[in-house]
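Here's the structure we're looking at; comments come further down.
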Amino acid sequence: MACNHRPPCLLAFFFFAAIASAQLSSTFYSTSCPLAIQTIRQAVRAAVAKEARMGASLLRLHFHDCFVNGCDGSVLLDDTPSFTGEKTAVPNNNSLRGFDVIDNIKSQVEAVCKQVVSCADILAVAARESVAALGGPPWTVQLGRRDATTASLDAANTEIPSPKSDLDDLISAYSKKGLSTTDMVALSGAHTIGQARCISFRDRIYNETSIDSSLATSRQSNCPSSGGGDDNLSPLDAVTCTLFDNFYFRNLVKKKGLLHSDQQLFGGGSTDSLVTTYSTNTARFFSDFAAAMVKMGNISPLTGTDGEVRLNCRKTN
Ligand code: HEM
Ligand SMILES: *[C@@H]1O[C@H](CO)[C@@H](O)[C@H](O)[C@H]1NC(C)=O
Ligand SMILES: *[C@@H]1O[C@H](CO)[C@@H](O)[C@H](O)[C@H]1NC(C)=O
């Protein structure tokens, strides 16, 4: 009889239950909300058609969600007088955007299936659809995350890598999340789209020597060394910023990384050869990026009966 020895059997039960509950699945909504994915896809396409940069902003939301206590929708929670969320953390304040687009997607998803699809999963699907809409690689998105009822300003300030980071800081920030150096370099290719504020790269364009001088000069024109302009925007990838390709890596080998942290990936360190590979091999970059997005999306999800499915992504139920 299988359960003669009760304690080991119970242990085995909890062991497998724990594994099963931590498991996401690509078919999670196929019976409970078969229209979920296409609803999100259409809304992302419309938002990106209206403003290409929104694809970048939605991708970044998923990253900033996953690096702070896992992919649990915590980044979306608004501050209230009695609740402090993550939105005013240094990497997020005056920088993260797309919350209104997520609200719009959530209300469309609620209209087809009430309280079935989590905000954390909406972020994961929106990130995938954003990359697709801008010409990047596809991947099978894993689903079944539930939404947190908590958030952590402190973790948002410490776990999300800073643009001042050196290579060893970047490697260890990803390693803490179970992501490899290859994942880190591939994911950084997201900086082929979107924009950054002057405050994020001012020191680099005025004070660093590892930067192409024509890039420094051109970025200085919209980013004064002092006296304001902190929020002035520049494209992260030096030219297009709305096409998801390997342009970021081609820039790095020319010292045209905009952020200090970007250029850390090329210029004498252990990741130079991988950057060189991606700079000439878009297919390699795409497949590594797609694999790393799946891994990032698997960071400590809430599953089973943990957390909740929020009705409104900005507040707990
Ligand atoms: C390697 C460590 C990383 C650092 C230090 C970093 C830092 C930054 C900074 C400073 C900005 C500009 C923010 C601003 O000035 O307002 C930015 C923008 C962006 N980041 Fe990262 N990032 C990193 C990794 C990632 C990853 C893994 C992704 C996604 C997979 C990502 C996606 C983006 C996107 C798409 C933008 C542009 C957003 C927009 O235009 O709204 N980043 N990042
Ligand atoms: C966030 O940005 C707002 C608006 O610029 C500013 O008033 C506030 O002090 C910032 N908060 C933090 C914590 O930096
Ligand atoms: C450049 O570096 C100097 C010396 O560390 C510093 O005082 C100055 O503020 C920096 N300039 C910019 C624009 O960051």
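Letters for chains follow the order of the structure tokens (A, B, ...), residue numbers begin at 1 for each chain, and ligand numbers begin at 1 in the order shown.
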Review point. Given a cut-off of 8 Å, what residues near ligand 2 show up using only C-alpha atoms and all ligand atoms, put as a ChimeraX atom specification?
Key: /A:88-90,93-94
Practice item. Counting only C-alpha atoms and all ligand atoms, name the residues that have an atom within 12 Å of an atom of ligand 3; the answer should be given as JSON, numbers by chain. Key: {"A": [164, 198, 199, 200, 201, 202, 203, 204, 205, 206, 207, 208, 209, 216, 220, 223, 224, 225, 226, 227, 228, 229, 230, 260]}
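When only C-alpha atoms are used to compute distances to Val68 (chain A), the closest of the residues A:Asn251, A:Gln264, A:Ser152, A:Asn317 turns out to be A:Ser152.
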So which residues touch Ala292 (chain A) within 12 Å, counting only C-alpha atoms, skipping near sequence neighbours fewer than 5 positions away, as a short mmCIF file (atom, residue, chain, number, x, y, z; two decimals) with C-alpha atoms, in the first residue's frame?
data_model
loop_
_atom_site.label_atom_id
_atom_site.label_comp_id
_atom_site.auth_asym_id
_atom_site.auth_seq_id
_atom_site.Cartn_x
_atom_site.Cartn_y
_atom_site.Cartn_z
CA PHE A 63 11.19 43.57 -16.18
CA ARG A 128 5.78 39.49 -25.54
CA PRO A 137 11.43 37.39 -31.74
CA PRO A 138 8.42 35.34 -30.59
CA TRP A 139 8.32 33.09 -27.54
CA THR A 140 5.79 30.91 -25.80
CA VAL A 141 4.59 32.91 -22.84
CA TYR A 174 20.88 38.81 -12.49
CA LYS A 177 17.35 36.16 -9.83
CA GLY A 178 18.60 32.87 -11.23
CA LEU A 179 19.61 34.45 -14.53
CA SER A 180 22.94 33.79 -16.19
CA THR A 181 25.42 36.24 -17.66
CA THR A 182 24.20 35.20 -21.11
CA ASP A 183 20.63 35.99 -20.04
CA MET A 184 21.83 39.35 -18.75
CA VAL A 185 23.57 40.29 -22.00
CA ALA A 186 20.70 39.06 -24.16
CA LEU A 187 18.05 40.85 -22.08
CA SER A 188 20.04 44.06 -22.26
CA GLY A 189 19.34 43.98 -25.99
CA ALA A 190 15.93 45.37 -24.97
CA PHE A 285 20.48 37.27 -30.15
CA PHE A 286 16.81 36.59 -30.85
CA SER A 287 16.88 33.01 -29.62
CA GLY A 297 8.99 35.57 -16.49
CA ASN A 298 9.48 32.57 -14.21
CA ILE A 299 11.02 34.55 -11.35
#
Can you list every residue of chain A that has an atom at most 7 Å from ligand 1, with its nearest atom pair and the distance in Å to one decimal, using only C-alpha atoms and all ligand atoms, ordered by chain then number, as JSON lines?
{"residue": "A:Arg53", "atom": "CA", "partner": "ligand 1", "partner_atom_place_in_ligand_line": "40 (O)", "distance": 5.6}
{"residue": "A:Met54", "atom": "CA", "partner": "ligand 1", "partner_atom_place_in_ligand_line": "41 (O)", "distance": 6.5}
{"residue": "A:Ala56", "atom": "CA", "partner": "ligand 1", "partner_atom_place_in_ligand_line": "35 (C)", "distance": 3.7}
{"residue": "A:Ser57", "atom": "CA", "partner": "ligand 1", "partner_atom_place_in_ligand_line": "41 (O)", "distance": 3.6}
{"residue": "A:Leu59", "atom": "CA", "partner": "ligand 1", "partner_atom_place_in_ligand_line": "35 (C)", "distance": 5.4}
{"residue": "A:Arg60", "atom": "CA", "partner": "ligand 1", "partner_atom_place_in_ligand_line": "32 (C)", "distance": 4.2}
{"residue": "A:Phe63", "atom": "CA", "partner": "ligand 1", "partner_atom_place_in_ligand_line": "29 (C)", "distance": 5.2}
{"residue": "A:Pro91", "atom": "CA", "partner": "ligand 1", "partner_atom_place_in_ligand_line": "10 (C)", "distance": 7.0}
{"residue": "A:Asn94", "atom": "CA", "partner": "ligand 1", "partner_atom_place_in_ligand_line": "16 (O)", "distance": 6.7}
{"residue": "A:Ser95", "atom": "CA", "partner": "ligand 1", "partner_atom_place_in_ligand_line": "16 (O)", "distance": 3.9}
{"residue": "A:Leu96", "atom": "CA", "partner": "ligand 1", "partner_atom_place_in_ligand_line": "41 (O)", "distance": 6.3}
{"residue": "A:Arg97", "atom": "CA", "partner": "ligand 1", "partner_atom_place_in_ligand_line": "41 (O)", "distance": 6.0}
{"residue": "A:Pro161", "atom": "CA", "partner": "ligand 1", "partner_atom_place_in_ligand_line": "5 (C)", "distance": 4.6}
{"residue": "A:Ser162", "atom": "CA", "partner": "ligand 1", "partner_atom_place_in_ligand_line": "5 (C)", "distance": 4.3}
{"residue": "A:Pro163", "atom": "CA", "partner": "ligand 1", "partner_atom_place_in_ligand_line": "5 (C)", "distance": 3.9}
{"residue": "A:Lys164", "atom": "CA", "partner": "ligand 1", "partner_atom_place_in_ligand_line": "5 (C)", "distance": 7.0}
{"residue": "A:Ser165", "atom": "CA", "partner": "ligand 1", "partner_atom_place_in_ligand_line": "5 (C)", "distance": 6.4}
{"residue": "A:Leu170", "atom": "CA", "partner": "ligand 1", "partner_atom_place_in_ligand_line": "1 (C)", "distance": 6.0}
{"residue": "A:Met184", "atom": "CA", "partner": "ligand 1", "partner_atom_place_in_ligand_line": "1 (C)", "distance": 6.2}
{"residue": "A:Leu187", "atom": "CA", "partner": "ligand 1", "partner_atom_place_in_ligand_line": "27 (C)", "distance": 4.5}
{"residue": "A:Ser188", "atom": "CA", "partner": "ligand 1", "partner_atom_place_in_ligand_line": "24 (C)", "distance": 5.0}
{"residue": "A:Ala190", "atom": "CA", "partner": "ligand 1", "partner_atom_place_in_ligand_line": "32 (C)", "distance": 4.9}
{"residue": "A:His191", "atom": "CA", "partner": "ligand 1", "partner_atom_place_in_ligand_line": "34 (C)", "distance": 5.3}
{"residue": "A:Ile193", "atom": "CA", "partner": "ligand 1", "partner_atom_place_in_ligand_line": "35 (C)", "distance": 5.5}
{"residue": "A:Gly194", "atom": "CA", "partner": "ligand 1", "partner_atom_place_in_ligand_line": "40 (O)", "distance": 3.3}
{"residue": "A:Gln195", "atom": "CA", "partner": "ligand 1", "partner_atom_place_in_ligand_line": "40 (O)", "distance": 3.9}
{"residue": "A:Ala196", "atom": "CA", "partner": "ligand 1", "partner_atom_place_in_ligand_line": "15 (O)", "distance": 3.5}
{"residue": "A:Arg197", "atom": "CA", "partner": "ligand 1", "partner_atom_place_in_ligand_line": "15 (O)", "distance": 3.6}
{"residue": "A:Cys198", "atom": "CA", "partner": "ligand 1", "partner_atom_place_in_ligand_line": "15 (O)", "distance": 6.6}
{"residue": "A:Ile199", "atom": "CA", "partner": "ligand 1", "partner_atom_place_in_ligand_line": "15 (O)", "distance": 6.5}
{"residue": "A:Ser200", "atom": "CA", "partner": "ligand 1", "partner_atom_place_in_ligand_line": "15 (O)", "distance": 4.8}
{"residue": "A:Leu259", "atom": "CA", "partner": "ligand 1", "partner_atom_place_in_ligand_line": "10 (C)", "distance": 6.8}
{"residue": "A:Ser261", "atom": "CA", "partner": "ligand 1", "partner_atom_place_in_ligand_line": "5 (C)", "distance": 5.4}
{"residue": "A:Met293", "atom": "CA", "partner": "ligand 1", "partner_atom_place_in_ligand_line": "30 (C)", "distance": 6.9}
Practice item. For each of A:Thr303, A:Ser118, A:Thr39, A:Ser270, take the minimum atom-to-atom distance to Ser74 (chain A), counting only C-alpha atoms, then give the residue where this is smallest. Key: A:Ser118
Practice item. Write out as a ChimeraX atom specification each polymer residue whose atoms come within 12 Å of Ala151 (chain A), counting only C-alpha atoms; drop sequence neighbours fewer than 5 positions from it. Key: /A:64-79,83-89,156-157,307,314-316
Exercise for review: Taking the chain letters and numbering used in this document, name the residues of region 134-233 of chain A that DSSP puts in strand (DSSP E), as a list of chain:residue names.
Suggested key: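 Secondary structure check on region 134-233 of chain A, strand (DSSP E): A:Gln195, A:Ala196, A:Arg197, A:Leu233.
DSSP, applied to the backbone of this structure, assigns helix (DSSP H, G or I) to the following residues of region 171-206 of chain A: Ile171, Ser172, Ala173, Tyr174, Ser175, Thr181, Thr182, Asp183, Met184, Val185, Ala186, Leu187, Ser188, Gly189, Ala190, His191, Thr192, Cys198, Ile199, Ser200, Phe201, Arg202, Asp203, Arg204, Ile205 and Tyr206 of chain A.
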**Study point:** Residues within 10 Å of Gln115 (chain A), only C-alpha atoms, excluding chain neighbours under 2 positions, as a list in words
**Key:** Lys106, Val109, Glu110, Ala111, Val112, Cys113, Val117, Ser118, Cys119, Glu308, Val309, Arg310, Leu311 and Asn312 of chain A
If you keep N, CA and C atoms, can you produce a file of those selected residues as a tab-separated table (two decimals), in the first residue's frame?
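Result file is selection-v2.tsv:
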chain	number	residue	atom	x	y	z
A	106	LYS	N	-6.55	45.77	-19.10
A	106	LYS	CA	-7.23	45.05	-18.01
A	106	LYS	C	-8.76	45.20	-18.14
A	109	VAL	N	-9.93	42.94	-20.86
A	109	VAL	CA	-9.85	41.54	-20.46
A	109	VAL	C	-10.95	41.22	-19.44
A	110	GLU	N	-11.21	42.13	-18.52
A	110	GLU	CA	-12.30	41.92	-17.56
A	110	GLU	C	-13.65	41.79	-18.27
A	111	ALA	N	-13.80	42.52	-19.37
A	111	ALA	CA	-15.07	42.47	-20.10
A	111	ALA	C	-15.30	41.11	-20.76
A	112	VAL	N	-14.22	40.39	-21.10
A	112	VAL	CA	-14.42	39.05	-21.69
A	112	VAL	C	-14.40	37.94	-20.63
A	113	CYS	N	-13.71	38.14	-19.52
A	113	CYS	CA	-13.65	37.12	-18.45
A	113	CYS	C	-13.42	37.84	-17.14
A	117	VAL	N	-7.95	36.69	-15.32
A	117	VAL	CA	-6.58	36.91	-15.80
A	117	VAL	C	-5.88	37.91	-14.89
A	118	SER	N	-4.74	37.51	-14.36
A	118	SER	CA	-4.02	38.38	-13.42
A	118	SER	C	-3.32	39.53	-14.13
A	119	CYS	N	-3.04	40.56	-13.38
A	119	CYS	CA	-2.28	41.71	-13.90
A	119	CYS	C	-0.84	41.30	-14.20
A	308	GLU	N	-3.80	36.89	-5.38
A	308	GLU	CA	-5.18	37.05	-5.84
A	308	GLU	C	-5.16	37.40	-7.31
A	309	VAL	N	-6.34	37.41	-7.93
A	309	VAL	CA	-6.46	38.00	-9.27
A	309	VAL	C	-7.13	39.35	-9.05
A	310	ARG	N	-6.36	40.39	-9.25
A	310	ARG	CA	-6.90	41.74	-9.00
A	310	ARG	C	-8.02	42.09	-9.97
A	311	LEU	N	-8.96	42.89	-9.51
A	311	LEU	CA	-10.01	43.44	-10.38
A	311	LEU	C	-9.50	44.70	-11.07
A	312	ASN	N	-8.62	45.41	-10.37
A	312	ASN	CA	-8.06	46.66	-10.87
A	312	ASN	C	-6.56	46.56	-10.61
Check your understanding: If you measure from CA of Asp288 (chain A) to CA of Ala148 (chain A), what distance in Å do you get, rounded to one decimal?
Key ->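 Separation between CA of Asp288 (chain A) and CA of Ala148 (chain A): 28.9 Å.
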Review point. Of the residues A:Thr242, A:Ser273, A:Thr282, A:Asn104, which is the one nearest to Ala132 (chain A), using only C-alpha atoms?
Key: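 Of A:Thr242, A:Ser273, A:Thr282, A:Asn104, the one nearest Ala132 (chain A), counting only C-alpha atoms, is A:Thr242.
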